[in-house]
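**Student:** The following file, coords.cif, comprises mmCIF, N, CA and C atoms:
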data_upload
#
loop_
_atom_site.label_atom_id
_atom_site.label_comp_id
_atom_site.auth_asym_id
_atom_site.auth_seq_id
_atom_site.Cartn_x
_atom_site.Cartn_y
_atom_site.Cartn_z
N MET A 1 127.98 116.18 115.51
CA MET A 1 129.25 116.21 116.22
C MET A 1 130.07 117.38 115.68
N ASN A 2 130.72 118.09 116.56
CA ASN A 2 131.49 119.28 116.18
C ASN A 2 132.96 118.89 115.97
N VAL A 3 133.46 119.12 114.75
CA VAL A 3 134.82 118.73 114.42
C VAL A 3 135.84 119.53 115.24
N GLU A 4 135.54 120.75 115.59
CA GLU A 4 136.48 121.55 116.40
C GLU A 4 136.67 120.96 117.78
N ASN A 5 135.61 120.40 118.36
CA ASN A 5 135.73 119.75 119.66
C ASN A 5 136.63 118.52 119.58
N VAL A 6 136.48 117.75 118.52
CA VAL A 6 137.31 116.55 118.34
C VAL A 6 138.76 116.95 118.13
N LYS A 7 139.00 117.97 117.30
CA LYS A 7 140.36 118.44 117.06
C LYS A 7 141.00 118.94 118.35
N SER A 8 140.23 119.64 119.17
CA SER A 8 140.73 120.14 120.44
C SER A 8 141.13 118.98 121.36
N GLN A 9 140.31 117.94 121.41
CA GLN A 9 140.62 116.78 122.24
C GLN A 9 141.88 116.06 121.73
N MET A 10 142.05 116.01 120.42
CA MET A 10 143.25 115.38 119.85
C MET A 10 144.50 116.17 120.25
N ARG A 11 144.42 117.50 120.17
CA ARG A 11 145.56 118.34 120.55
C ARG A 11 145.89 118.16 122.03
N LYS A 12 144.87 118.14 122.88
CA LYS A 12 145.09 117.94 124.31
C LYS A 12 145.75 116.59 124.57
N GLY A 13 145.39 115.60 123.78
CA GLY A 13 145.92 114.26 123.96
C GLY A 13 147.41 114.15 123.66
N VAL A 14 147.92 115.01 122.79
CA VAL A 14 149.34 114.92 122.43
C VAL A 14 150.18 116.02 123.07
N LEU A 15 149.57 116.92 123.80
CA LEU A 15 150.29 118.07 124.35
C LEU A 15 151.40 117.64 125.31
N GLU A 16 151.13 116.75 126.25
CA GLU A 16 152.15 116.31 127.19
C GLU A 16 153.32 115.68 126.44
N TYR A 17 153.01 114.85 125.46
CA TYR A 17 154.04 114.20 124.66
C TYR A 17 154.91 115.24 123.96
N CYS A 18 154.30 116.24 123.35
CA CYS A 18 155.05 117.29 122.66
C CYS A 18 155.94 118.07 123.62
N ILE A 19 155.45 118.39 124.79
CA ILE A 19 156.23 119.13 125.77
C ILE A 19 157.44 118.30 126.22
N LEU A 20 157.22 117.03 126.48
CA LEU A 20 158.33 116.18 126.89
C LEU A 20 159.36 116.04 125.78
N LEU A 21 158.91 115.96 124.53
CA LEU A 21 159.84 115.92 123.40
C LEU A 21 160.69 117.18 123.33
N LEU A 22 160.07 118.34 123.53
CA LEU A 22 160.82 119.59 123.52
C LEU A 22 161.86 119.63 124.63
N LEU A 23 161.45 119.20 125.81
CA LEU A 23 162.36 119.25 126.95
C LEU A 23 163.43 118.17 126.90
N GLU A 24 163.22 117.14 126.11
CA GLU A 24 164.27 116.15 125.91
C GLU A 24 165.46 116.79 125.18
N ALA A 25 165.16 117.69 124.26
CA ALA A 25 166.21 118.35 123.48
C ALA A 25 166.99 119.35 124.31
N GLU A 26 166.28 120.11 125.16
CA GLU A 26 166.95 121.12 125.98
C GLU A 26 166.01 121.64 127.05
N ALA A 27 166.58 122.14 128.14
CA ALA A 27 165.78 122.79 129.17
C ALA A 27 165.19 124.06 128.58
N CYS A 28 163.95 124.36 128.95
CA CYS A 28 163.26 125.51 128.36
C CYS A 28 162.51 126.31 129.41
N TYR A 29 162.43 127.58 129.16
CA TYR A 29 161.59 128.52 129.89
C TYR A 29 160.18 128.37 129.34
N ALA A 30 159.16 128.57 130.15
CA ALA A 30 157.78 128.35 129.72
C ALA A 30 157.43 129.13 128.44
N SER A 31 157.87 130.37 128.34
CA SER A 31 157.57 131.14 127.14
C SER A 31 158.24 130.53 125.91
N ASP A 32 159.42 129.94 126.10
CA ASP A 32 160.09 129.25 124.98
C ASP A 32 159.28 128.04 124.54
N ILE A 33 158.73 127.31 125.50
CA ILE A 33 157.90 126.14 125.19
C ILE A 33 156.70 126.58 124.37
N ILE A 34 156.03 127.64 124.81
CA ILE A 34 154.87 128.14 124.08
C ILE A 34 155.25 128.53 122.66
N GLN A 35 156.39 129.22 122.51
CA GLN A 35 156.82 129.65 121.18
C GLN A 35 157.15 128.46 120.28
N LYS A 36 157.84 127.48 120.82
CA LYS A 36 158.20 126.30 120.03
C LYS A 36 156.96 125.52 119.61
N LEU A 37 156.00 125.40 120.50
CA LEU A 37 154.74 124.74 120.14
C LEU A 37 154.00 125.55 119.08
N HIS A 38 154.02 126.86 119.23
CA HIS A 38 153.39 127.73 118.24
C HIS A 38 154.06 127.57 116.88
N ASP A 39 155.40 127.51 116.88
CA ASP A 39 156.14 127.31 115.63
C ASP A 39 155.75 125.99 114.95
N ALA A 40 155.39 125.01 115.77
CA ALA A 40 154.97 123.70 115.26
C ALA A 40 153.47 123.68 114.97
N ARG A 41 152.81 124.83 115.10
CA ARG A 41 151.38 125.00 114.83
C ARG A 41 150.49 124.29 115.85
N LEU A 42 150.98 124.20 117.07
CA LEU A 42 150.19 123.70 118.19
C LEU A 42 150.05 124.88 119.16
N ILE A 43 148.93 125.55 119.10
CA ILE A 43 148.72 126.77 119.87
C ILE A 43 148.32 126.41 121.31
N VAL A 44 149.11 126.93 122.25
CA VAL A 44 148.89 126.70 123.68
C VAL A 44 149.04 128.03 124.39
N VAL A 45 148.18 128.28 125.34
CA VAL A 45 148.25 129.51 126.12
C VAL A 45 148.83 129.21 127.49
N GLU A 46 149.31 130.24 128.16
CA GLU A 46 149.94 130.07 129.48
C GLU A 46 149.00 129.39 130.47
N GLY A 47 147.72 129.72 130.40
CA GLY A 47 146.74 129.15 131.32
C GLY A 47 146.60 127.64 131.17
N THR A 48 146.98 127.12 130.03
CA THR A 48 146.98 125.67 129.81
C THR A 48 148.34 125.08 130.16
N LEU A 49 149.40 125.78 129.80
CA LEU A 49 150.75 125.24 129.96
C LEU A 49 151.18 125.14 131.42
N TYR A 50 151.02 126.19 132.20
CA TYR A 50 151.54 126.19 133.57
C TYR A 50 150.97 125.08 134.45
N PRO A 51 149.66 124.86 134.44
CA PRO A 51 149.14 123.73 135.24
C PRO A 51 149.69 122.38 134.77
N LEU A 52 149.88 122.23 133.46
CA LEU A 52 150.42 120.99 132.93
C LEU A 52 151.88 120.80 133.36
N LEU A 53 152.67 121.87 133.31
CA LEU A 53 154.06 121.78 133.76
C LEU A 53 154.12 121.42 135.24
N MET A 54 153.25 122.00 136.04
CA MET A 54 153.25 121.69 137.48
C MET A 54 152.84 120.24 137.72
N ARG A 55 151.86 119.76 136.95
CA ARG A 55 151.43 118.37 137.10
C ARG A 55 152.57 117.42 136.73
N LEU A 56 153.28 117.73 135.64
CA LEU A 56 154.42 116.90 135.23
C LEU A 56 155.54 116.95 136.28
N LYS A 57 155.76 118.12 136.85
CA LYS A 57 156.78 118.27 137.90
C LYS A 57 156.38 117.49 139.15
N ASN A 58 155.12 117.64 139.55
CA ASN A 58 154.65 116.94 140.75
C ASN A 58 154.64 115.42 140.57
N SER A 59 154.59 114.97 139.33
CA SER A 59 154.65 113.54 139.02
C SER A 59 156.09 113.03 138.95
N GLY A 60 157.05 113.95 139.10
CA GLY A 60 158.45 113.56 139.06
C GLY A 60 159.04 113.45 137.67
N LEU A 61 158.30 113.92 136.66
CA LEU A 61 158.78 113.80 135.28
C LEU A 61 159.61 115.00 134.85
N LEU A 62 159.41 116.11 135.53
CA LEU A 62 160.16 117.34 135.25
C LEU A 62 160.77 117.87 136.53
N SER A 63 161.84 118.61 136.35
CA SER A 63 162.38 119.43 137.42
C SER A 63 162.59 120.81 136.83
N TYR A 64 162.98 121.76 137.66
CA TYR A 64 163.29 123.08 137.13
C TYR A 64 164.42 123.69 137.91
N GLN A 65 165.01 124.67 137.29
CA GLN A 65 166.04 125.45 137.98
C GLN A 65 165.86 126.91 137.60
N TRP A 66 166.18 127.76 138.53
CA TRP A 66 166.10 129.19 138.30
C TRP A 66 167.41 129.65 137.67
N ILE A 67 167.31 130.38 136.57
CA ILE A 67 168.49 130.89 135.88
C ILE A 67 168.34 132.39 135.73
N GLU A 68 169.38 133.12 136.09
CA GLU A 68 169.36 134.57 135.98
C GLU A 68 169.11 134.99 134.53
N SER A 69 168.33 136.05 134.38
CA SER A 69 168.02 136.59 133.06
C SER A 69 168.63 137.97 132.92
N PRO A 70 169.25 138.25 131.79
CA PRO A 70 169.81 139.59 131.60
C PRO A 70 168.72 140.65 131.40
N GLN A 71 167.48 140.20 131.18
CA GLN A 71 166.39 141.14 130.88
C GLN A 71 165.29 141.12 131.95
N GLY A 72 165.65 140.92 133.18
CA GLY A 72 164.64 140.94 134.22
C GLY A 72 164.92 139.91 135.30
N PRO A 73 163.87 139.46 135.96
CA PRO A 73 164.04 138.51 137.07
C PRO A 73 164.51 137.15 136.57
N PRO A 74 164.98 136.30 137.49
CA PRO A 74 165.39 134.95 137.10
C PRO A 74 164.22 134.20 136.46
N ARG A 75 164.55 133.27 135.59
CA ARG A 75 163.53 132.48 134.89
C ARG A 75 163.62 131.02 135.33
N LYS A 76 162.46 130.39 135.35
CA LYS A 76 162.36 128.98 135.71
C LYS A 76 162.49 128.15 134.42
N TYR A 77 163.56 127.36 134.34
CA TYR A 77 163.78 126.50 133.18
C TYR A 77 163.44 125.07 133.56
N TYR A 78 162.57 124.46 132.76
CA TYR A 78 162.12 123.09 133.00
C TYR A 78 163.00 122.12 132.23
N GLU A 79 163.22 120.94 132.84
CA GLU A 79 163.99 119.89 132.17
C GLU A 79 163.44 118.53 132.59
N LEU A 80 163.71 117.53 131.75
CA LEU A 80 163.28 116.17 132.05
C LEU A 80 164.10 115.58 133.19
N THR A 81 163.46 114.83 134.04
CA THR A 81 164.17 114.02 135.03
C THR A 81 164.45 112.66 134.37
N ASP A 82 165.17 111.81 135.06
CA ASP A 82 165.38 110.45 134.55
C ASP A 82 164.04 109.73 134.39
N ALA A 83 163.15 109.93 135.36
CA ALA A 83 161.81 109.33 135.27
C ALA A 83 161.05 109.90 134.07
N GLY A 84 161.23 111.19 133.80
CA GLY A 84 160.59 111.81 132.65
C GLY A 84 161.11 111.24 131.34
N ALA A 85 162.40 110.99 131.27
CA ALA A 85 162.99 110.40 130.06
C ALA A 85 162.45 108.99 129.84
N ALA A 86 162.32 108.21 130.92
CA ALA A 86 161.77 106.86 130.81
C ALA A 86 160.31 106.90 130.39
N PHE A 87 159.55 107.84 130.96
CA PHE A 87 158.15 108.00 130.61
C PHE A 87 158.01 108.39 129.15
N LEU A 88 158.89 109.28 128.68
CA LEU A 88 158.87 109.70 127.28
C LEU A 88 159.12 108.52 126.35
N LYS A 89 160.03 107.64 126.71
CA LYS A 89 160.28 106.45 125.88
C LYS A 89 159.02 105.60 125.76
N GLU A 90 158.29 105.47 126.86
CA GLU A 90 157.02 104.72 126.82
C GLU A 90 156.00 105.41 125.91
N LEU A 91 155.93 106.74 126.02
CA LEU A 91 155.01 107.48 125.15
C LEU A 91 155.40 107.34 123.69
N GLU A 92 156.70 107.37 123.42
CA GLU A 92 157.16 107.22 122.03
C GLU A 92 156.75 105.87 121.47
N ALA A 93 156.87 104.81 122.26
CA ALA A 93 156.45 103.48 121.81
C ALA A 93 154.95 103.45 121.55
N SER A 94 154.18 104.07 122.44
CA SER A 94 152.72 104.12 122.26
C SER A 94 152.36 104.93 121.03
N TRP A 95 153.08 106.04 120.81
CA TRP A 95 152.82 106.87 119.64
C TRP A 95 153.09 106.10 118.35
N GLN A 96 154.19 105.36 118.32
CA GLN A 96 154.52 104.57 117.13
C GLN A 96 153.45 103.50 116.88
N GLU A 97 153.00 102.87 117.95
CA GLU A 97 151.95 101.85 117.82
C GLU A 97 150.66 102.47 117.29
N LEU A 98 150.29 103.62 117.84
CA LEU A 98 149.08 104.30 117.40
C LEU A 98 149.18 104.74 115.94
N ASN A 99 150.34 105.29 115.56
CA ASN A 99 150.55 105.68 114.16
C ASN A 99 150.44 104.47 113.24
N GLY A 100 151.02 103.35 113.67
CA GLY A 100 150.93 102.13 112.87
C GLY A 100 149.50 101.67 112.69
N THR A 101 148.72 101.76 113.76
CA THR A 101 147.31 101.38 113.70
C THR A 101 146.55 102.27 112.72
N ILE A 102 146.75 103.57 112.83
CA ILE A 102 146.06 104.51 111.94
C ILE A 102 146.49 104.29 110.50
N ASP A 103 147.78 104.14 110.27
CA ASP A 103 148.27 103.89 108.91
C ASP A 103 147.68 102.60 108.34
N TYR A 104 147.62 101.56 109.16
CA TYR A 104 147.05 100.30 108.71
C TYR A 104 145.60 100.47 108.31
N ILE A 105 144.83 101.14 109.15
CA ILE A 105 143.42 101.36 108.85
C ILE A 105 143.26 102.18 107.57
N LYS A 106 144.03 103.26 107.46
CA LYS A 106 143.95 104.13 106.28
C LYS A 106 144.32 103.39 105.00
N ASN A 107 145.34 102.56 105.07
CA ASN A 107 145.88 101.93 103.87
C ASN A 107 145.29 100.56 103.55
N ASN A 108 144.70 99.89 104.54
CA ASN A 108 144.25 98.52 104.31
C ASN A 108 142.77 98.28 104.58
N LEU A 109 142.19 99.03 105.47
CA LEU A 109 140.82 98.75 105.86
C LEU A 109 139.82 99.78 105.37
N LYS A 110 140.31 100.92 104.97
CA LYS A 110 139.43 101.99 104.52
C LYS A 110 138.78 101.57 103.21
N GLN A 111 137.48 101.69 103.17
CA GLN A 111 136.74 101.32 101.97
C GLN A 111 136.76 102.47 100.97
N SER A 112 136.93 102.17 99.73
CA SER A 112 136.96 103.19 98.68
C SER A 112 135.58 103.64 98.29
#
As structure tokens, please, write out the structure in this file.

**Tutor:**
Amino acid sequence: MNVENVKSQMRKGVLEYCILLLLEAEACYASDIIQKLHDARLIVVEGTLYPLLMRLKNSGLLSYQWIESPQGPPRKYYELTDAGAAFLKELEASWQELNGTIDYIKNNLKQS
């Protein structure tokens, strides 16, 4: 089994959650999202991000607005919808449950 494949699947599994967390704090331009994820050491390329943003938008979890840019054409800023905020709360609960499960296994069931 290839550890890089497993790590890649783990990153893909949390990517939507991380994007929604970022957008909960503030509306962001796609390049800002990529930079913030990069700063958090989660490397994402535009070819991965844009389809995901569109899927989240088409699901009603995100909306966007065009904002004029002083350095070129208007930019599309993504933000959470009310449905997106509710969905994020569900993901947060699931994340806490999953973390609890992993911590329990690591601390109580792992054999020395």

**Student:** Give, as JSON, the centre coordinates and the x, y and z edge lengths in Å to one decimal for an axis-aligned box around all listed atoms of segment 89-92 of chain A, padded by 5 Å on each side.

**Tutor:**
{"center_x": 157.6, "center_y": 106.2, "center_z": 124.2, "size_x": 15.3, "size_y": 12.9, "size_z": 15.4}

**Student:** Give the helix (DSSP H, G or I) residues of segment 20-91 of chain A, as DSSP finds them on the backbone, and put them as a ChimeraX atom specification.

**Tutor:** /A:20-25,30-39,46-58,82-91

**Student:** Just so the selection is clear, what residues does the PyMOL selection byres ((chain A and resi 50-63) around 7) cover here, as a PyMOL selection string?

**Tutor:** chain A and resi 45-49+64-65+77-85

**Student:** Interatomic distance between atom CA of Glu92 of chain A and atom CA of Leu21 of chain A?

**Tutor:**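 According to the coordinates, atom CA of Glu92 of chain A and atom CA of Leu21 of chain A are separated by 9.2 Å.
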
**Student:** Find the residues around Ile34 of chain A up to 8 Å (only N, CA and C atoms counted), leave out those fewer than 4 positions away in its own chain, and share them as a list in words.

**Tutor:**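 Contacts, in chain order: Tyr29, Ala30, His38, Asp39, Ala40, Leu42, Ile43, Val44, Val45, Glu46 and Leu49 of chain A.
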
**Student:** Leaving out segment 95-107 of chain A and any residue of its chain fewer than 4 positions from it, which residues lie within 12 Å of it when counting only C-alpha atoms, given as a ChimeraX atom specification?

**Tutor:** /A:13-14,17-18,88-91,111-112

**Student:** Counting only N, CA and C atoms, what is within 7 Å of Ile67 of chain A, bar same-chain residues fewer than 4 positions away, as JSON, numbers by chain?

**Tutor:** {"A": [73, 74, 75, 76, 77]}

**Student:** Any idea what the distance is between atom N of Met1 of chain A and atom CA of Asn108 of chain A?

**Tutor:** 26.5 Å

**Student:** Mind listing the strand (DSSP E or B) residues of chain A, per DSSP on the backbone, as number ranges by chain?

**Tutor:** A: 28-29, 62-69, 72-80

**Student:** Would you compute the distance between atom N of Val6 of chain A and atom C of Arg41 of chain A? Give it in Å to one decimal.

**Tutor:**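 Atom-to-atom, atom N of Val6 of chain A to atom C of Arg41 of chain A, that is 15.7 Å.
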